[in-house]
file model.cif (mmCIF, C-alpha atoms)
data_upload
#
loop_
_atom_site.label_atom_id
_atom_site.label_comp_id
_atom_site.auth_asym_id
_atom_site.auth_seq_id
_atom_site.Cartn_x
_atom_site.Cartn_y
_atom_site.Cartn_z
CA MET A 60 15.70 -5.40 -45.18
CA SER A 61 19.28 -5.90 -46.32
CA LEU A 62 21.41 -8.96 -45.61
CA PHE A 63 23.44 -6.97 -43.08
CA GLU A 64 20.33 -5.70 -41.30
CA ALA A 65 18.95 -9.23 -41.02
CA SER A 66 22.26 -10.45 -39.61
CA GLU A 67 22.40 -7.59 -37.13
CA LYS A 68 18.85 -8.33 -35.99
CA ILE A 69 19.74 -11.99 -35.39
CA ASN A 70 22.84 -10.99 -33.42
CA ARG A 71 20.88 -8.57 -31.26
CA ARG A 72 18.21 -11.17 -30.58
CA GLY A 73 20.89 -13.68 -29.59
CA ALA A 74 22.15 -11.27 -26.95
CA GLN A 75 18.72 -10.62 -25.50
CA PRO A 76 17.58 -12.46 -22.38
CA LEU A 77 14.72 -14.92 -22.77
CA ALA A 78 12.14 -12.53 -21.29
CA ALA A 79 12.96 -9.91 -23.94
CA ARG A 80 12.87 -12.43 -26.78
CA MET A 81 9.50 -13.76 -25.64
CA ARG A 82 7.76 -10.39 -25.62
CA PRO A 83 4.33 -10.77 -27.28
CA ALA A 84 4.26 -9.78 -30.94
CA SER A 85 0.54 -8.92 -30.86
CA LEU A 86 -2.24 -8.13 -28.42
CA ASP A 87 -3.57 -11.66 -28.87
CA GLU A 88 -0.33 -13.03 -27.36
CA PHE A 89 -0.44 -10.68 -24.40
CA VAL A 90 -1.06 -12.49 -21.10
CA GLY A 91 -2.83 -11.06 -18.08
CA GLN A 92 -4.62 -7.78 -17.28
CA GLN A 93 -7.92 -9.08 -18.58
CA HIS A 94 -9.77 -6.75 -16.21
CA PHE A 95 -9.12 -3.89 -18.64
CA LEU A 96 -7.78 -5.63 -21.77
CA GLY A 97 -10.22 -8.51 -22.10
CA PRO A 98 -13.02 -8.56 -24.68
CA GLY A 99 -15.43 -5.71 -24.11
CA LYS A 100 -13.24 -4.08 -21.47
CA LEU A 101 -12.31 -0.39 -21.47
CA LEU A 102 -8.92 -0.50 -23.18
CA ARG A 103 -10.23 -2.80 -25.92
CA ARG A 104 -13.17 -0.47 -26.51
CA LEU A 105 -10.87 2.55 -26.72
CA LEU A 106 -8.74 0.79 -29.33
CA ALA A 107 -11.78 -0.29 -31.32
CA ALA A 108 -13.04 3.31 -31.37
CA ASP A 109 -9.55 4.70 -32.15
CA ARG A 110 -9.82 6.93 -29.08
CA LEU A 111 -6.95 5.67 -26.99
CA GLY A 112 -5.81 9.00 -25.53
CA SER A 113 -3.11 9.27 -22.89
CA VAL A 114 -2.88 6.57 -20.25
CA ILE A 115 -0.94 5.78 -17.10
CA PHE A 116 0.09 2.18 -16.49
CA TYR A 117 0.49 1.58 -12.77
CA GLY A 118 1.64 -1.72 -11.28
CA PRO A 119 4.49 -3.96 -10.16
CA PRO A 120 7.48 -4.90 -12.34
CA GLY A 121 7.24 -7.73 -14.86
CA THR A 122 3.52 -7.41 -15.54
CA GLY A 123 3.82 -6.16 -19.13
CA LYS A 124 3.62 -2.37 -18.96
CA THR A 125 6.41 -1.74 -21.49
CA THR A 126 5.27 -4.53 -23.77
CA LEU A 127 1.67 -3.35 -23.83
CA ALA A 128 2.79 0.19 -24.65
CA TYR A 129 4.64 -1.11 -27.72
CA LEU A 130 1.64 -3.21 -28.76
CA LEU A 131 -0.64 -0.17 -28.41
CA ALA A 132 1.61 1.73 -30.80
CA GLN A 133 1.22 -1.10 -33.31
CA ALA A 134 -2.54 -1.28 -32.83
CA THR A 135 -2.96 2.50 -33.32
CA ARG A 136 -0.42 2.66 -36.20
CA SER A 137 1.64 5.18 -34.24
CA LYS A 138 5.36 5.86 -34.15
CA PHE A 139 6.74 4.36 -30.94
CA ARG A 140 9.15 6.54 -28.99
CA GLN A 141 10.50 5.61 -25.60
CA LEU A 142 12.13 7.64 -22.83
CA SER A 143 13.21 6.74 -19.33
CA ALA A 144 12.50 9.35 -16.69
CA VAL A 145 15.61 8.16 -14.86
CA ALA A 146 17.99 9.04 -17.69
CA SER A 147 16.13 11.77 -19.64
CA GLY A 148 15.57 15.44 -18.93
CA VAL A 149 13.58 18.35 -20.35
CA LYS A 150 15.92 18.68 -23.35
CA GLU A 151 15.31 15.12 -24.56
CA LEU A 152 11.63 15.43 -23.80
CA ARG A 153 11.24 18.61 -25.86
CA GLU A 154 13.13 17.04 -28.79
CA VAL A 155 10.70 14.10 -28.88
CA LEU A 156 7.68 16.40 -28.59
CA ASP A 157 8.97 18.68 -31.39
CA GLU A 158 9.59 15.64 -33.58
CA ALA A 159 6.06 14.34 -32.88
CA ARG A 160 4.55 17.73 -33.70
CA ASP A 161 6.43 17.89 -37.04
CA ARG A 162 5.43 14.33 -37.91
CA LEU A 163 1.78 15.03 -37.21
CA SER A 164 1.86 18.26 -39.24
CA THR A 165 3.66 16.88 -42.28
CA THR A 166 2.44 13.27 -42.55
CA GLY A 167 -0.56 13.09 -40.22
CA SER A 168 1.12 10.20 -38.40
CA LYS A 169 0.63 9.89 -34.65
CA THR A 170 3.33 9.32 -32.04
CA LEU A 171 2.99 7.16 -28.96
CA LEU A 172 5.44 8.37 -26.33
CA PHE A 173 6.22 5.78 -23.69
CA ILE A 174 7.88 7.15 -20.54
CA ASP A 175 9.16 4.52 -18.17
CA GLU A 176 9.33 5.35 -14.45
CA ILE A 177 7.40 8.54 -15.17
CA HIS A 178 7.11 9.28 -11.44
CA ARG A 179 10.84 10.14 -11.51
CA PHE A 180 10.07 13.29 -13.51
CA ASN A 181 9.77 16.32 -11.27
CA LYS A 182 6.83 18.71 -11.42
CA SER A 183 8.34 21.01 -14.06
CA GLN A 184 9.27 18.06 -16.28
CA GLN A 185 5.74 16.67 -16.03
CA ASP A 186 4.33 20.11 -16.80
CA VAL A 187 6.25 20.15 -20.10
CA LEU A 188 4.04 17.27 -21.27
CA LEU A 189 0.71 18.93 -20.53
CA PRO A 190 0.15 21.09 -23.67
CA ASP A 191 1.05 18.35 -26.15
CA VAL A 192 -0.92 15.73 -24.23
CA GLU A 193 -3.96 17.99 -24.11
CA GLU A 194 -3.75 18.84 -27.83
CA GLY A 195 -3.21 15.22 -28.85
CA VAL A 196 0.23 15.84 -30.36
CA VAL A 197 1.39 12.66 -28.61
CA THR A 198 -0.37 9.73 -27.05
CA LEU A 199 1.34 9.49 -23.69
CA VAL A 200 1.78 6.11 -22.03
CA GLY A 201 3.44 6.57 -18.66
CA ALA A 202 4.57 3.56 -16.66
CA THR A 203 5.07 3.69 -12.91
CA THR A 204 5.32 1.37 -9.94
CA GLN A 205 4.13 4.20 -7.65
CA ASN A 206 0.55 5.26 -7.04
CA PRO A 207 0.02 7.96 -9.71
CA PHE A 208 -2.48 9.82 -7.54
CA PHE A 209 0.39 10.54 -5.16
CA ALA A 210 3.45 10.41 -7.42
CA LEU A 211 2.23 12.43 -10.44
CA ASN A 212 0.88 15.92 -10.93
CA SER A 213 -2.89 16.02 -10.60
CA ALA A 214 -3.07 17.96 -13.88
CA LEU A 215 -1.33 15.12 -15.74
CA VAL A 216 -3.41 12.42 -14.05
CA SER A 217 -6.64 14.29 -14.87
CA ARG A 218 -5.72 14.23 -18.58
CA SER A 219 -5.00 10.50 -18.57
CA ARG A 220 -6.78 7.26 -17.90
CA VAL A 221 -5.16 5.18 -15.18
CA PHE A 222 -4.93 1.42 -15.68
CA GLN A 223 -3.74 -0.60 -12.70
CA PHE A 224 -1.75 -3.72 -13.57
CA ALA A 225 -2.08 -6.77 -11.35
CA PRO A 226 0.65 -9.40 -10.84
CA LEU A 227 0.25 -12.28 -13.26
CA SER A 228 -1.62 -15.26 -11.91
CA VAL A 229 0.15 -18.56 -11.28
CA ASP A 230 -1.55 -20.07 -14.33
CA ASP A 231 -0.47 -17.11 -16.50
CA VAL A 232 3.16 -17.58 -15.48
CA LYS A 233 2.96 -21.32 -16.11
CA GLY A 234 1.58 -20.66 -19.57
CA LEU A 235 4.45 -18.29 -20.40
CA VAL A 236 7.04 -20.81 -19.20
CA ARG A 237 5.51 -23.55 -21.33
CA ARG A 238 5.33 -21.19 -24.33
CA ALA A 239 9.03 -20.34 -23.93
CA LEU A 240 9.96 -24.03 -23.85
CA ALA A 241 7.93 -24.75 -26.99
CA ASP A 242 9.04 -21.76 -29.10
CA LYS A 243 11.99 -22.75 -31.30
CA ASP A 244 12.42 -19.31 -32.84
CA ARG A 245 12.41 -16.97 -29.82
CA GLY A 246 12.42 -19.38 -26.89
CA LEU A 247 14.14 -22.57 -25.76
CA GLY A 248 12.34 -24.96 -28.09
CA ASN A 249 15.63 -26.23 -29.56
CA TYR A 250 16.61 -27.69 -26.18
CA ASP A 251 15.24 -31.02 -25.02
CA VAL A 252 13.85 -29.96 -21.64
CA ARG A 253 11.79 -32.19 -19.40
CA LEU A 254 10.16 -29.80 -16.96
CA HIS A 255 8.89 -31.40 -13.76
CA ASP A 256 5.50 -30.29 -12.51
CA ASP A 257 6.82 -29.34 -9.06
CA ALA A 258 9.58 -27.26 -10.72
CA LEU A 259 6.96 -25.42 -12.79
CA ASP A 260 4.87 -24.85 -9.66
CA PHE A 261 7.91 -23.45 -7.85
CA LEU A 262 8.83 -21.04 -10.66
CA ALA A 263 5.25 -19.80 -10.92
CA GLU A 264 4.92 -19.25 -7.16
CA VAL A 265 8.32 -17.73 -6.38
CA SER A 266 8.13 -15.22 -9.24
CA ASP A 267 5.28 -13.35 -7.49
CA GLY A 268 3.49 -12.75 -10.77
CA ASP A 269 6.63 -11.33 -12.44
CA ALA A 270 7.06 -13.02 -15.82
CA ARG A 271 10.58 -11.62 -16.16
CA GLN A 272 11.74 -13.42 -13.01
CA ALA A 273 10.21 -16.75 -14.00
CA LEU A 274 11.65 -16.70 -17.53
CA GLY A 275 15.02 -15.53 -16.24
CA ALA A 276 15.24 -18.47 -13.84
CA LEU A 277 14.11 -20.87 -16.56
CA GLU A 278 16.83 -19.63 -18.92
CA VAL A 279 19.54 -19.88 -16.26
CA GLY A 280 18.53 -23.43 -15.43
CA VAL A 281 18.48 -24.57 -19.06
CA LEU A 282 21.69 -22.87 -20.23
CA SER A 283 23.71 -23.82 -17.15
CA THR A 284 22.97 -27.55 -17.48
CA SER A 285 25.28 -29.60 -19.71
CA GLN A 286 23.43 -32.91 -19.61
CA ARG A 287 21.06 -33.79 -22.44
CA PRO A 288 18.14 -34.14 -22.25
CA ILE A 289 17.77 -31.54 -19.53
CA ASP A 290 15.93 -32.82 -16.49
CA PHE A 291 14.50 -29.60 -15.03
CA THR A 292 13.74 -30.61 -11.45
CA ARG A 293 12.54 -28.64 -8.43
CA ALA A 294 16.12 -28.64 -7.14
CA LEU A 295 17.39 -27.13 -10.41
CA ALA A 296 14.64 -24.51 -10.28
CA GLU A 297 15.64 -23.54 -6.74
CA GLU A 298 19.30 -23.26 -7.76
CA SER A 299 18.35 -21.06 -10.71
CA VAL A 300 16.46 -18.54 -8.60
CA GLN A 301 18.43 -15.98 -6.68
CA ARG A 302 17.34 -15.02 -3.18
CA LYS A 303 13.85 -13.67 -3.55
CA ALA A 304 13.72 -9.89 -3.58
CA VAL A 305 10.60 -8.74 -1.79
CA ASP A 306 8.81 -5.96 -3.65
CA TYR A 307 8.66 -3.39 -0.87
CA ASP A 308 9.21 0.35 -0.90
CA ARG A 309 9.51 1.85 2.57
CA ASP A 310 8.31 5.19 1.25
CA GLY A 311 5.68 4.01 -1.21
CA ASP A 312 2.48 2.03 -1.60
CA ALA A 313 3.92 -1.23 -0.29
CA HIS A 314 4.72 0.43 3.03
CA TYR A 315 1.30 1.99 3.54
CA ASP A 316 -0.70 -0.93 2.15
CA SER A 317 1.19 -3.53 4.22
CA ALA A 318 0.90 -1.43 7.38
CA SER A 319 -2.82 -1.06 6.72
CA ALA A 320 -3.18 -4.83 6.23
CA LEU A 321 -1.24 -5.53 9.45
CA ILE A 322 -3.37 -3.18 11.55
CA LYS A 323 -6.66 -4.36 10.05
CA SER A 324 -5.71 -8.02 10.54
CA ILE A 325 -4.93 -7.45 14.23
CA ARG A 326 -8.12 -5.42 14.63
CA GLY A 327 -10.02 -8.23 12.89
CA SER A 328 -8.59 -10.81 15.35
CA ASP A 329 -6.74 -12.84 12.71
CA PRO A 330 -3.28 -13.62 14.17
CA ASP A 331 -2.22 -15.68 11.15
CA ALA A 332 -2.81 -12.86 8.67
CA ALA A 333 -1.22 -10.37 11.08
CA ILE A 334 1.94 -12.51 11.42
CA TYR A 335 2.17 -12.80 7.62
CA TRP A 336 1.99 -9.03 7.08
CA LEU A 337 4.52 -8.51 9.86
CA ALA A 338 6.85 -10.95 8.11
CA ARG A 339 6.29 -9.24 4.77
CA MET A 340 7.31 -5.89 6.25
CA LEU A 341 10.33 -7.33 8.05
CA GLU A 342 11.55 -9.08 4.91
CA GLY A 343 11.13 -5.82 3.01
CA GLY A 344 13.41 -4.02 5.47
CA GLU A 345 10.75 -2.04 7.34
CA ASP A 346 11.91 0.13 10.24
CA VAL A 347 11.40 -1.83 13.46
CA ARG A 348 10.63 1.39 15.34
CA PHE A 349 7.74 2.08 12.97
CA LEU A 350 6.31 -1.39 13.60
CA ALA A 351 6.70 -1.02 17.37
CA ARG A 352 5.02 2.40 17.35
CA ARG A 353 2.06 1.10 15.35
CA ILE A 354 1.63 -1.80 17.79
CA VAL A 355 1.62 0.57 20.79
CA ILE A 356 -0.95 2.79 19.09
CA LEU A 357 -3.17 -0.16 18.24
CA ALA A 358 -3.07 -1.44 21.83
CA SER A 359 -4.94 1.69 22.91
CA GLU A 360 -6.90 2.36 19.73
CA ASP A 361 -8.39 -1.08 19.13
CA VAL A 362 -7.95 -3.12 22.32
CA GLY A 363 -8.16 -0.48 25.01
CA ASN A 364 -9.61 -1.49 28.36
CA ALA A 365 -11.10 -4.68 26.98
CA ASP A 366 -7.64 -6.05 27.88
CA PRO A 367 -5.69 -3.62 30.10
CA GLN A 368 -2.56 -5.77 29.68
CA ALA A 369 -2.38 -4.99 25.98
CA LEU A 370 -0.79 -1.56 26.32
CA PRO A 371 1.90 -2.57 28.88
CA LEU A 372 2.78 -5.55 26.69
CA ALA A 373 3.02 -3.36 23.57
CA VAL A 374 5.20 -0.81 25.37
CA ALA A 375 7.41 -3.62 26.66
CA ALA A 376 7.73 -4.93 23.10
CA MET A 377 8.77 -1.48 21.89
CA GLN A 378 11.43 -1.24 24.62
CA ALA A 379 12.64 -4.77 23.89
CA CYS A 380 13.05 -3.93 20.20
CA GLU A 381 15.26 -0.98 21.13
CA PHE A 382 17.29 -3.13 23.54
CA VAL A 383 17.64 -6.30 21.42
CA GLY A 384 17.41 -5.18 17.77
CA LEU A 385 17.10 -7.40 14.72
CA PRO A 386 17.01 -10.27 14.01
CA GLU A 387 16.00 -11.35 17.54
CA CYS A 388 13.39 -8.64 18.12
CA GLN A 389 11.24 -10.22 15.40
CA LEU A 390 10.29 -12.72 18.12
CA THR A 391 9.11 -9.91 20.39
CA LEU A 392 7.11 -8.29 17.61
CA ALA A 393 5.52 -11.62 16.66
CA GLN A 394 4.55 -12.23 20.31
CA ALA A 395 2.97 -8.80 20.65
CA VAL A 396 1.13 -9.04 17.32
CA ALA A 397 -0.26 -12.49 18.14
CA TYR A 398 -1.40 -11.34 21.62
CA LEU A 399 -3.10 -8.20 20.33
CA ALA A 400 -4.84 -10.11 17.54
CA CYS A 401 -6.29 -12.60 20.03
CA ALA A 402 -7.22 -9.97 22.64
CA PRO A 403 -10.82 -8.77 23.05
CA LYS A 404 -11.34 -5.54 21.14
CA SER A 405 -12.72 -2.17 22.18
CA ASN A 406 -12.44 1.27 20.65
CA ALA A 407 -14.53 2.86 23.39
CA ALA A 408 -11.65 5.05 24.61
CA THR A 409 -10.85 6.05 21.00
CA VAL A 410 -14.46 7.06 20.35
CA ALA A 411 -14.66 8.87 23.68
CA ILE A 412 -11.67 11.16 23.12
CA GLY A 413 -12.80 11.81 19.54
CA GLU A 414 -16.27 12.91 20.64
CA ALA A 415 -14.92 15.03 23.49
CA ARG A 416 -12.43 16.84 21.28
CA ARG A 417 -15.16 17.50 18.72
CA ASP A 418 -17.28 19.08 21.46
CA VAL A 419 -14.31 21.24 22.47
CA ARG A 420 -13.74 22.35 18.87
CA GLU A 421 -17.35 22.87 17.84
CA GLY A 422 -19.31 23.61 21.02
CA ARG A 423 -19.23 26.30 23.65
CA LEU A 424 -16.33 25.79 26.03
CA LEU A 425 -17.42 24.70 29.49
CA SER A 426 -16.21 26.65 32.48
CA VAL A 427 -14.44 24.66 35.18
CA PRO A 428 -16.87 24.27 38.11
CA VAL A 429 -15.86 26.50 41.02
CA HIS A 430 -15.35 23.62 43.46
CA LEU A 431 -12.87 21.94 41.02
CA ARG A 432 -10.69 25.00 40.46
CA ASP A 433 -7.17 25.33 41.78
CA SER A 434 -7.12 26.68 45.34
CA HIS A 435 -3.40 26.44 46.13
CA TYR A 436 -2.36 30.03 45.40
CA PRO A 437 -2.68 33.09 47.67
CA GLY A 438 -5.99 34.82 47.14
CA ALA A 439 -7.81 31.76 45.82
CA GLY A 440 -10.01 31.71 48.89
CA ARG A 441 -11.06 35.32 48.36
CA LEU A 442 -12.26 34.30 44.88
CA GLY A 443 -14.10 31.29 46.22
CA GLN A 444 -11.95 28.86 44.25
CA GLY A 445 -12.24 25.25 45.34
CA GLN A 446 -14.99 25.91 47.88
CA GLY A 447 -17.30 22.95 48.35
CA TYR A 448 -14.87 20.37 46.91
CA GLN A 449 -15.25 16.92 48.43
CA TYR A 450 -12.05 14.86 48.75
CA SER A 451 -12.87 11.45 47.26
CA HIS A 452 -10.68 9.49 49.70
CA ASP A 453 -12.67 10.81 52.62
CA SER A 454 -15.75 8.99 51.31
CA PRO A 455 -16.32 5.46 52.64
CA ASP A 456 -16.11 3.86 49.17
CA GLY A 457 -13.68 6.41 47.70
CA VAL A 458 -16.34 8.01 45.54
CA ALA A 459 -17.39 11.61 46.18
CA SER A 460 -20.85 12.34 44.81
CA GLN A 461 -20.34 15.73 43.18
CA ASP A 462 -20.56 17.30 39.72
CA TYR A 463 -17.28 17.14 37.78
CA LEU A 464 -18.34 18.65 34.45
CA GLY A 465 -21.31 20.94 34.89
CA VAL A 466 -23.40 19.35 32.09
CA GLU A 467 -24.74 15.92 31.26
CA ARG A 468 -22.33 14.12 28.92
CA GLU A 469 -21.41 10.47 28.32
CA TYR A 470 -18.29 9.93 26.21
CA TYR A 471 -16.91 6.63 27.48
CA ARG A 472 -19.21 3.73 26.64
CA PRO A 473 -17.52 0.41 27.49
CA VAL A 474 -18.21 -2.52 25.18
CA PRO A 475 -19.56 -5.82 26.54
CA ARG A 476 -16.25 -7.62 25.88
CA GLY A 477 -13.28 -8.53 28.03
CA PHE A 478 -12.53 -6.44 31.09
CA GLU A 479 -14.73 -3.62 29.82
CA ARG A 480 -17.74 -5.77 30.68
CA GLU A 481 -16.79 -5.37 34.34
CA LEU A 482 -16.05 -1.68 33.84
CA ALA A 483 -19.49 -1.18 32.30
CA GLU A 484 -21.20 -2.66 35.37
CA ARG A 485 -19.14 -0.49 37.73
CA LEU A 486 -19.61 2.60 35.57
CA GLU A 487 -23.39 2.18 35.62
CA THR A 488 -23.35 2.44 39.42
CA LEU A 489 -20.93 5.37 39.41
CA ARG A 490 -22.92 7.35 36.88
CA ALA A 491 -26.13 6.81 38.80
CA ARG A 492 -24.55 8.35 41.89
CA LEU A 493 -23.06 11.25 39.90
CA ARG A 494 -26.40 11.96 38.23
CA GLU A 495 -28.03 12.02 41.63
CA SER A 496 -25.47 14.50 42.92
CA ARG A 497 -25.96 16.74 39.90
CA SER A 498 -29.70 16.66 40.43
CA GLU A 499 -29.29 17.62 44.09
CA GLN A 500 -26.89 20.42 43.19
CA LYS A 501 -29.30 21.71 40.54
CA ASN A 502 -32.18 21.75 43.04
CA ALA A 503 -30.01 23.58 45.56
CA ASP A 504 -29.01 26.19 42.98
CA GLU A 505 -32.66 26.76 42.00
CA SER A 506 -33.96 27.14 45.60
CA PRO A 507 -34.21 30.77 46.88
#

call {"tool": "encode", "arguments": {"input": "model.cif", "output": "structure tokens"}}
result
Amino acid sequence: MSLFEASEKINRRGAQPLAARMRPASLDEFVGQQHFLGPGKLLRRLLAADRLGSVIFYGPPGTGKTTLAYLLAQATRSKFRQLSAVASGVKELREVLDEARDRLSTTGSKTLLFIDEIHRFNKSQQDVLLPDVEEGVVTLVGATTQNPFFALNSALVSRSRVFQFAPLSVDDVKGLVRRALADKDRGLGNYDVRLHDDALDFLAEVSDGDARQALGALEVGVLSTSQRPIDFTRALAEESVQRKAVDYDRDGDAHYDSASALIKSIRGSDPDAAIYWLARMLEGGEDVRFLARRIVILASEDVGNADPQALPLAVAAMQACEFVGLPECQLTLAQAVAYLACAPKSNAATVAIGEARRDVREGRLLSVPVHLRDSHYPGAGRLGQGQGYQYSHDSPDGVASQDYLGVEREYYRPVPRGFERELAERLETLRARLRESRSEQKNADESP
């Protein structure tokens, strides 16, 4: 390296943010993702066998996807080439692939192609990769924050191993912060910083497992303080962190996963968890109408007649959200969510309509019994429509003992919880009377 190159490297490093300067220089320095990178785990075994192949890195920002791709290139002695799917097109992609093919043919050297935000490539752009990935011309490492099984072509996913990155643990983030404060070459080791424990705890918690956020806040706090030594307190840490940006994509995994967690928490009768997931979605900018619709659906699907007030309350909450809007309608949503979570649960109506529709789809369609058919049009009497129908309100208890289906079926089975316990007792009596009427009708039909 020449004197000028060394000087240029120092200048470039000086302009880099702390998170970039502190990137691990080897796999041994890499923090986190031990579920696939730890000793004996899959990625380590692939490296040891020199059979890395193409991989997809899927996970939230700041968890080391780009850094690990670079370290894999070092470990496999491959040429590292990087493209961003946001800024690159087919032309740039073909140039890199042609270059990799020439390098492999002439020198035998491999190329690791790292494509950031690979889900931004459309189908045709992803298809361009397939032949060279399949033939091993390049080792593809695609990074994405979106679920690759939805965001990428199935052909590309089938040719790659998918590794899911998890947010860094609190202890991992604390270790990186301490390492940055101790490193005099790449970090902030030349500053006399006295980091308070509660400030370290705050940085590790508020970063949500994103090392880039924690190191960025640390650097801001240190460089913006003129006093020496630097007393890095909790207050300084809070001042150094911008308003927390909630990782939430209204069209992606965060939307579906959070909605699933909200519904399952209400169904599981945990109001505290349900309120948290509601807050997570509201902070992420979720559509209030979507939340209100899901609550109305759940009131029937999971509470049902165990608490007949659940559905009116959910509908009222939906109407209130339309009338009031944010931020005040968060109170209405919280009230509805807490009520539904604490309500007795029943999916008896849900199961009943599911079974009945399956019978309609898969079984022989039942004819409407003659006495239940419409008799209000001219000529109905000549066809015998409606003959023998008993008007329920003419019966002393409002129940007419007659056959309403023509076959023996039980779809609605109330659970022994909430109001459905009372319904079950009443339904037992009603069904006994209806069975008796069907038996009498059957005997009458069979008599000469």

call {"tool": "closest_residue", "arguments": {"input": "model.cif", "among": "A:Lys150, A:Ala333, A:Ser213, A:Arg237", "to": "Leu189 of chain A", "atoms": "only C-alpha atoms"}}
result
A:Ser213

call {"tool": "residues_around", "arguments": {"input": "model.cif", "residues": "Ile289 of chain A", "least_positions_apart": "5", "cutoff": "7 Å", "atoms": "all atoms listed in the file", "output": "list of chain:residue names"}}
result
A:Asp251, A:Val252, A:Arg253, A:Thr284

call {"tool": "atom_distance", "arguments": {"input": "model.cif", "atom1": "atom CA of Ala459 of chain A", "atom2": "atom CA of Gly447 of chain A"}}
result
11.5 Å

call {"tool": "closest_residue", "arguments": {"input": "model.cif", "among": "A:Ala78, A:Ala400, A:Ala365, A:Leu282", "to": "Gly246 of chain A", "atoms": "only C-alpha atoms"}}
result
A:Ala78

call {"tool": "resolve_selection", "arguments": {"input": "model.cif", "expression": "the PyMOL selection byres ((chain A and resi 86) around 10)", "output": "count of residues only"}}
result
16

call {"tool": "atom_distance", "arguments": {"input": "model.cif", "atom1": "atom CA of Leu102 of chain A", "atom2": "atom CA of Ser228 of chain A"}}
result
20.0 Å

call {"tool": "closest_residue", "arguments": {"input": "model.cif", "among": "A:Leu370, A:Leu171, A:Leu341, A:Leu262", "to": "Thr292 of chain A", "atoms": "only C-alpha atoms"}}
result
A:Leu262

call {"tool": "residues_around", "arguments": {"input": "model.cif", "residues": "segment 229-231 of chain A", "least_positions_apart": "2", "cutoff": "7 Å", "atoms": "all atoms listed in the file", "output": "PDB file with C-alpha atoms, in the coordinates of the input"}}
result
ATOM      1  CA  VAL A  90      -1.060 -12.490 -21.100  1.00  0.00           C
ATOM      2  CA  GLY A  91      -2.830 -11.060 -18.080  1.00  0.00           C
ATOM      3  CA  LEU A 227       0.250 -12.280 -13.260  1.00  0.00           C
ATOM      4  CA  LYS A 233       2.960 -21.320 -16.110  1.00  0.00           C
ATOM      5  CA  GLY A 234       1.580 -20.660 -19.570  1.00  0.00           C
ATOM      6  CA  LEU A 235       4.450 -18.290 -20.400  1.00  0.00           C
ATOM      7  CA  ALA A 263       5.250 -19.800 -10.920  1.00  0.00           C
ATOM      8  CA  GLU A 264       4.920 -19.250  -7.160  1.00  0.00           C
ATOM      9  CA  GLY A 268       3.490 -12.750 -10.770  1.00  0.00           C
TER      10      GLY A 268
END

call {"tool": "residues_around", "arguments": {"input": "model.cif", "residues": "Phe291 of chain A", "least_positions_apart": "2", "cutoff": "10 Å", "atoms": "all atoms listed in the file", "output": "CSV table (one decimal) with C-alpha atoms, in the coordinates of the input"}}
result
chain,number,residue,atom,x,y,z
A,252,VAL,CA,13.8,-30.0,-21.6
A,253,ARG,CA,11.8,-32.2,-19.4
A,254,LEU,CA,10.2,-29.8,-17.0
A,255,HIS,CA,8.9,-31.4,-13.8
A,256,ASP,CA,5.5,-30.3,-12.5
A,257,ASP,CA,6.8,-29.3,-9.1
A,258,ALA,CA,9.6,-27.3,-10.7
A,259,LEU,CA,7.0,-25.4,-12.8
A,277,LEU,CA,14.1,-20.9,-16.6
A,280,GLY,CA,18.5,-23.4,-15.4
A,281,VAL,CA,18.5,-24.6,-19.1
A,284,THR,CA,23.0,-27.6,-17.5
A,288,PRO,CA,18.1,-34.1,-22.2
A,289,ILE,CA,17.8,-31.5,-19.5
A,293,ARG,CA,12.5,-28.6,-8.4
A,294,ALA,CA,16.1,-28.6,-7.1
A,295,LEU,CA,17.4,-27.1,-10.4
A,296,ALA,CA,14.6,-24.5,-10.3

call {"tool": "atom_distance", "arguments": {"input": "model.cif", "atom1": "atom CA of Glu495 of chain A", "atom2": "atom CA of Glu481 of chain A"}}
result
22.0 Å

call {"tool": "resolve_selection", "arguments": {"input": "model.cif", "expression": "the PyMOL selection byres ((chain A and resi 403) around 8)", "output": "ChimeraX atom specification"}}
result
/A:362,365-366,401-402,404-405,476-477

call {"tool": "residues_near_point", "arguments": {"input": "model.cif", "point": "(1.1, -10.2, 26.8)", "cutoff": "7 Å", "atoms": "all atoms listed in the file", "output": "CSV table (one decimal) with C-alpha atoms, in the frame of the given file"}}
result
chain,number,residue,atom,x,y,z
A,368,GLN,CA,-2.6,-5.8,29.7
A,369,ALA,CA,-2.4,-5.0,26.0
A,372,LEU,CA,2.8,-5.6,26.7
A,395,ALA,CA,3.0,-8.8,20.6
A,398,TYR,CA,-1.4,-11.3,21.6

call {"tool": "residues_around", "arguments": {"input": "model.cif", "residues": "Lys323 of chain A", "least_positions_apart": "4", "cutoff": "10 Å", "atoms": "all atoms listed in the file", "output": "list in words"}}
result
Ser317, Ala318, Ser319, Gly327, Ser328, Asp329, Ala332, Ala333, Leu357, Asp361 and Ala400 of chain A

call {"tool": "resolve_selection", "arguments": {"input": "model.cif", "expression": "the PyMOL selection byres ((chain A and resi 471-475) around 8)", "output": "mmCIF file with C-alpha atoms, keeping the file's coordinate frame"}}
result
data_model
loop_
_atom_site.group_PDB
_atom_site.id
_atom_site.type_symbol
_atom_site.label_atom_id
_atom_site.label_comp_id
_atom_site.auth_asym_id
_atom_site.auth_seq_id
_atom_site.Cartn_x
_atom_site.Cartn_y
_atom_site.Cartn_z
ATOM 1 C CA ALA A 365 -11.100 -4.680 26.980
ATOM 2 C CA SER A 405 -12.720 -2.170 22.180
ATOM 3 C CA ALA A 407 -14.530 2.860 23.390
ATOM 4 C CA ALA A 408 -11.650 5.050 24.610
ATOM 5 C CA VAL A 410 -14.460 7.060 20.350
ATOM 6 C CA ALA A 411 -14.660 8.870 23.680
ATOM 7 C CA GLU A 469 -21.410 10.470 28.320
ATOM 8 C CA TYR A 470 -18.290 9.930 26.210
ATOM 9 C CA ARG A 476 -16.250 -7.620 25.880
ATOM 10 C CA GLY A 477 -13.280 -8.530 28.030
ATOM 11 C CA GLU A 479 -14.730 -3.620 29.820
ATOM 12 C CA ARG A 480 -17.740 -5.770 30.680
ATOM 13 C CA LEU A 482 -16.050 -1.680 33.840
ATOM 14 C CA ALA A 483 -19.490 -1.180 32.300
#
